[in-house]
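K.L.:
Dropping the structure in here first, questions after.
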Amino acid sequence: MTRAQMIFHDIVYAAADGVGVITLNRPAYRNAQSYRMLDEIDAAFDLAQADEAVRVLLVRGAGGVFSSGHDLGTPEAIAYREALGARPGIQTYDQFKRYNLDLLLKWRNFPKPTIAMVEGYCIYAGWMLAACLDVVFAAEDAEFLGGFVEYNCLPWDVGVRRAKELCFESRFITAAQAADFGLVNRVLAGTDLERETFAWARRVAENSPEALRMAKIQMNKAQDAQGFTQALEDSLGDYVAMMWMPGGDMRVEGVRRLVTVDLAVKGRRGERFGLTAQQPPKVG
């Protein structure tokens with residue numbers, strides 16, 4: 001089966017008026033990213049690259065949520081991963097690196113402009129996905145949770161001191177804060193987000209493909225001259241060491257949630273020192 005004939009299960013892909021749209025489509029799991037979803041996202045990127053009519057690629061989430069992060073063990077995700085057949089050792093490492101670094105770097109270097117349209121939660125792998133895209137538009141009630149993750153772009157997204165602050169405490173930030181820190185380009189009312197994001201994407205699609213390509217290359221080269229890609233490659237090794245550190249326990253027992261994410265959730269509930277409960281973002 002060719003990519004053009006591929007049947008998607010966890011995303012929806014469509015293109016019109018010069019804009020390709022990838023919709024993460026696992027709303028029952030708040031668009032948690034399984035390996036199958038990531039393979040399908042990659043296939044959609046390839047379709048958009050091959051289609052000359054597509055000038056801009058937009059990524060969004062179904063159900064009012066961008067992405068709640070990695071899929072940490074739903075039955076279908078486990079079955080798909082096991083079916084891939086990676087043996088313990090270097091094959092498992094290569095697989096982990098592909099889904100948590102290589103694909104994101106590939107999408108970051110996608111030869112056409114990309115935009116994330118963020119609603120609701122954007123947590124860990126959700127942040128990774130949004131951050132590897134060129135531009136981020138967010139609803140005013142969107143919430144972001146970043147930390148030391150596999151694609152460790154956080155210091156580049158918000159600056160080193162902000163990155164330390166967020167990682168050390170582990171807390172959600174609002175869309176307005178994410179814009180102030182430098183991750184988000186525009187914060188829009190939820191009722192305006194889709195209209196304004198698509199309007200911007202269509203204006204970009206009117207531009208010269210040559211101008212768009214070369215501008216993006218230059219911006220990415222400027223970042224790489226500061227060591228971006230090399231730093232992310234190196235950081236992955238530290239992340240793997242942390243996850244497999246003897247005696248370490250990174251997950252909440254009996255729950256598909258990382259300990260650091262659980263701290264942020266408790267913070268939203270007012271269950272941490274000096275904090276009061278907050279209302280969750282509206283979904284749908």
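If you're wondering about the labels, chains in the structure tokens are A, B, ... by order shown, residues count from 1 in each chain, ligands from 1 in order shown.
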Report the residues of stretch 6-147 of chain A whose backbone DSSP state falls under strand (DSSP E), written as number ranges by chain.
P.N.:
A: 11-16, 19-24, 56-61, 114-118, 121-123, 135-139, 143-145
K.L.:
Excluding A:Leu84 and residues on its chain fewer than 4 positions from it, collect all residues at most 12 Å away from it, counting only C-alpha atoms, and give them as a PDB file with all heavy atoms, in the first residue's frame.
P.N.:
ATOM      1  N   TYR A  35       2.681   5.194  18.892  1.00  0.00           N
ATOM      2  CA  TYR A  35       3.572   5.016  17.742  1.00  0.00           C
ATOM      3  C   TYR A  35       2.775   4.986  16.439  1.00  0.00           C
ATOM      4  O   TYR A  35       3.238   5.481  15.414  1.00  0.00           O
ATOM      5  CB  TYR A  35       4.383   3.724  17.906  1.00  0.00           C
ATOM      6  CG  TYR A  35       5.562   3.829  18.850  1.00  0.00           C
ATOM      7  CD1 TYR A  35       5.809   4.985  19.591  1.00  0.00           C
ATOM      8  CD2 TYR A  35       6.442   2.758  19.001  1.00  0.00           C
ATOM      9  CE1 TYR A  35       6.887   5.070  20.450  1.00  0.00           C
ATOM     10  CE2 TYR A  35       7.526   2.836  19.867  1.00  0.00           C
ATOM     11  CZ  TYR A  35       7.747   3.996  20.587  1.00  0.00           C
ATOM     12  OH  TYR A  35       8.820   4.073  21.439  1.00  0.00           O
ATOM     13  N   ARG A  36       1.587   4.393  16.463  1.00  0.00           N
ATOM     14  CA  ARG A  36       0.779   4.385  15.244  1.00  0.00           C
ATOM     15  C   ARG A  36       0.399   5.801  14.845  1.00  0.00           C
ATOM     16  O   ARG A  36       0.481   6.163  13.662  1.00  0.00           O
ATOM     17  CB  ARG A  36      -0.483   3.534  15.408  1.00  0.00           C
ATOM     18  CG  ARG A  36      -1.309   3.467  14.119  1.00  0.00           C
ATOM     19  CD  ARG A  36      -2.423   2.455  14.202  1.00  0.00           C
ATOM     20  NE  ARG A  36      -3.517   2.896  15.072  1.00  0.00           N
ATOM     21  CZ  ARG A  36      -4.647   2.204  15.236  1.00  0.00           C
ATOM     22  NH1 ARG A  36      -4.815   1.044  14.622  1.00  0.00           N
ATOM     23  NH2 ARG A  36      -5.590   2.649  16.045  1.00  0.00           N
ATOM     24  N   ASP A  39       3.437   7.422  13.297  1.00  0.00           N
ATOM     25  CA  ASP A  39       3.655   6.923  11.932  1.00  0.00           C
ATOM     26  C   ASP A  39       2.674   7.564  10.957  1.00  0.00           C
ATOM     27  O   ASP A  39       3.043   7.910   9.817  1.00  0.00           O
ATOM     28  CB  ASP A  39       3.500   5.401  11.894  1.00  0.00           C
ATOM     29  CG  ASP A  39       4.763   4.671  12.315  1.00  0.00           C
ATOM     30  OD1 ASP A  39       5.867   5.245  12.190  1.00  0.00           O
ATOM     31  OD2 ASP A  39       4.652   3.509  12.780  1.00  0.00           O
ATOM     32  N   ALA A  77      -2.096   0.858  21.726  1.00  0.00           N
ATOM     33  CA  ALA A  77      -0.723   1.330  21.543  1.00  0.00           C
ATOM     34  C   ALA A  77       0.273   0.221  21.843  1.00  0.00           C
ATOM     35  O   ALA A  77       1.276   0.058  21.131  1.00  0.00           O
ATOM     36  CB  ALA A  77      -0.466   2.536  22.440  1.00  0.00           C
ATOM     37  N   ILE A  78       0.017  -0.544  22.890  1.00  0.00           N
ATOM     38  CA  ILE A  78       0.898  -1.665  23.232  1.00  0.00           C
ATOM     39  C   ILE A  78       0.910  -2.699  22.109  1.00  0.00           C
ATOM     40  O   ILE A  78       1.964  -3.198  21.706  1.00  0.00           O
ATOM     41  CB  ILE A  78       0.457  -2.305  24.556  1.00  0.00           C
ATOM     42  CG1 ILE A  78       0.686  -1.331  25.719  1.00  0.00           C
ATOM     43  CG2 ILE A  78       1.199  -3.614  24.803  1.00  0.00           C
ATOM     44  CD1 ILE A  78       0.110  -1.796  27.038  1.00  0.00           C
ATOM     45  N   ALA A  79      -0.272  -3.014  21.580  1.00  0.00           N
ATOM     46  CA  ALA A  79      -0.365  -4.002  20.502  1.00  0.00           C
ATOM     47  C   ALA A  79       0.393  -3.546  19.262  1.00  0.00           C
ATOM     48  O   ALA A  79       1.105  -4.344  18.628  1.00  0.00           O
ATOM     49  CB  ALA A  79      -1.831  -4.258  20.167  1.00  0.00           C
ATOM     50  N   TYR A  80       0.273  -2.273  18.916  1.00  0.00           N
ATOM     51  CA  TYR A  80       0.967  -1.758  17.729  1.00  0.00           C
ATOM     52  C   TYR A  80       2.479  -1.802  17.930  1.00  0.00           C
ATOM     53  O   TYR A  80       3.226  -2.228  17.038  1.00  0.00           O
ATOM     54  CB  TYR A  80       0.514  -0.325  17.450  1.00  0.00           C
ATOM     55  CG  TYR A  80       1.073   0.256  16.168  1.00  0.00           C
ATOM     56  CD1 TYR A  80       0.464   0.007  14.945  1.00  0.00           C
ATOM     57  CD2 TYR A  80       2.207   1.061  16.178  1.00  0.00           C
ATOM     58  CE1 TYR A  80       0.968   0.542  13.759  1.00  0.00           C
ATOM     59  CE2 TYR A  80       2.722   1.604  15.017  1.00  0.00           C
ATOM     60  CZ  TYR A  80       2.091   1.334  13.799  1.00  0.00           C
ATOM     61  OH  TYR A  80       2.595   1.867  12.636  1.00  0.00           O
ATOM     62  N   GLN A  91      17.825  -2.391  18.623  1.00  0.00           N
ATOM     63  CA  GLN A  91      16.603  -2.176  17.854  1.00  0.00           C
ATOM     64  C   GLN A  91      15.581  -1.367  18.652  1.00  0.00           C
ATOM     65  O   GLN A  91      14.925  -0.474  18.117  1.00  0.00           O
ATOM     66  CB  GLN A  91      15.994  -3.506  17.414  1.00  0.00           C
ATOM     67  CG  GLN A  91      16.756  -4.200  16.307  1.00  0.00           C
ATOM     68  CD  GLN A  91      15.967  -5.377  15.741  1.00  0.00           C
ATOM     69  OE1 GLN A  91      14.814  -5.625  16.091  1.00  0.00           O
ATOM     70  NE2 GLN A  91      16.621  -6.128  14.862  1.00  0.00           N
ATOM     71  N   THR A  92      15.448  -1.679  19.924  1.00  0.00           N
ATOM     72  CA  THR A  92      14.528  -0.922  20.770  1.00  0.00           C
ATOM     73  C   THR A  92      14.998   0.515  20.923  1.00  0.00           C
ATOM     74  O   THR A  92      14.196   1.461  20.898  1.00  0.00           O
ATOM     75  CB  THR A  92      14.390  -1.586  22.148  1.00  0.00           C
ATOM     76  OG1 THR A  92      13.853  -2.896  21.973  1.00  0.00           O
ATOM     77  CG2 THR A  92      13.461  -0.789  23.055  1.00  0.00           C
ATOM     78  N   GLN A  95      14.278   2.372  17.718  1.00  0.00           N
ATOM     79  CA  GLN A  95      12.846   2.645  17.637  1.00  0.00           C
ATOM     80  C   GLN A  95      12.479   3.828  18.523  1.00  0.00           C
ATOM     81  O   GLN A  95      11.744   4.735  18.096  1.00  0.00           O
ATOM     82  CB  GLN A  95      12.064   1.398  18.055  1.00  0.00           C
ATOM     83  CG  GLN A  95      10.553   1.546  17.978  1.00  0.00           C
ATOM     84  CD  GLN A  95       9.859   0.303  18.509  1.00  0.00           C
ATOM     85  OE1 GLN A  95       9.769   0.100  19.714  1.00  0.00           O
ATOM     86  NE2 GLN A  95       9.388  -0.546  17.605  1.00  0.00           N
ATOM     87  N   PHE A  96      12.968   3.817  19.745  1.00  0.00           N
ATOM     88  CA  PHE A  96      12.689   4.915  20.666  1.00  0.00           C
ATOM     89  C   PHE A  96      13.190   6.241  20.093  1.00  0.00           C
ATOM     90  O   PHE A  96      12.487   7.265  20.128  1.00  0.00           O
ATOM     91  CB  PHE A  96      13.354   4.633  22.015  1.00  0.00           C
ATOM     92  CG  PHE A  96      13.096   5.682  23.051  1.00  0.00           C
ATOM     93  CD1 PHE A  96      11.949   5.641  23.834  1.00  0.00           C
ATOM     94  CD2 PHE A  96      14.001   6.720  23.252  1.00  0.00           C
ATOM     95  CE1 PHE A  96      11.706   6.622  24.795  1.00  0.00           C
ATOM     96  CE2 PHE A  96      13.764   7.695  24.206  1.00  0.00           C
ATOM     97  CZ  PHE A  96      12.618   7.654  24.982  1.00  0.00           C
TER      98      PHE A  96
END
K.L.:
Write out as a count of residues only the residues lying within 7 Å of A:Cys122, counting only C-alpha atoms and excluding same-chain residues fewer than 4 positions away.
P.N.:
8
K.L.:
For A:Arg268, which residue out of A:Ala125, A:Leu38, A:Val65, A:Ile173 is the nearest one, using only C-alpha atoms?
P.N.:
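Of A:Ala125, A:Leu38, A:Val65, A:Ile173, the one nearest A:Arg268 is A:Ile173, counting only C-alpha atoms.
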K.L.:
How close does stretch 96-164 of chain A get to stretch 204-228 of chain A? List, as a tab-separated table, each residue of stretch 96-164 of chain A within 10 Å, its nearest atom pair and the distance in Å to one decimal, counting only C-alpha atoms.
P.N.:
residue	atom	partner	partner_atom	distance
A:Arg108	CA	A:Asn220	CA	8.5
A:Asn109	CA	A:Asn220	CA	7.6
A:Phe110	CA	A:Lys216	CA	9.1
A:Pro111	CA	A:Arg213	CA	5.9
A:Lys112	CA	A:Arg213	CA	6.1
A:Pro113	CA	A:Leu212	CA	6.9
A:Thr114	CA	A:Lys216	CA	10.0
A:Asp134	CA	A:Lys216	CA	8.4
A:Asn152	CA	A:Phe228	CA	9.7
A:Cys153	CA	A:Phe228	CA	8.0
A:Pro155	CA	A:Phe228	CA	9.7
A:Trp156	CA	A:Phe228	CA	7.7
K.L.:
To one decimal in Å, tell me the separation between atom CA of A:Thr260 and atom CA of A:Ser170.
P.N.:
6.1 Å
K.L.:
Tell me which of A:Phe45, A:Tyr121, A:Tyr13, A:Trp107 sits closest to A:Gly64, counting only C-alpha atoms.
P.N.:
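Smallest distance to A:Gly64 is found for A:Tyr121.
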K.L.:
Of the residues A:Met245, A:Ala28, A:Leu47, A:Ala176, which is the one nearest to A:Gly63, using only C-alpha atoms?
P.N.:
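Once distances to A:Gly63 are computed over only C-alpha atoms, the minimum belongs to A:Ala28.
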K.L.:
List every residue of stretch 79-246 of chain A that DSSP, applied to the backbone of this structure, places in alpha helix (DSSP H), and write the result as a PyMOL selection string.
P.N.:
chain A and resi 79-84+90-97+103-108+125-131+154-158+160-169+175-181+190-205+209-225+228-243
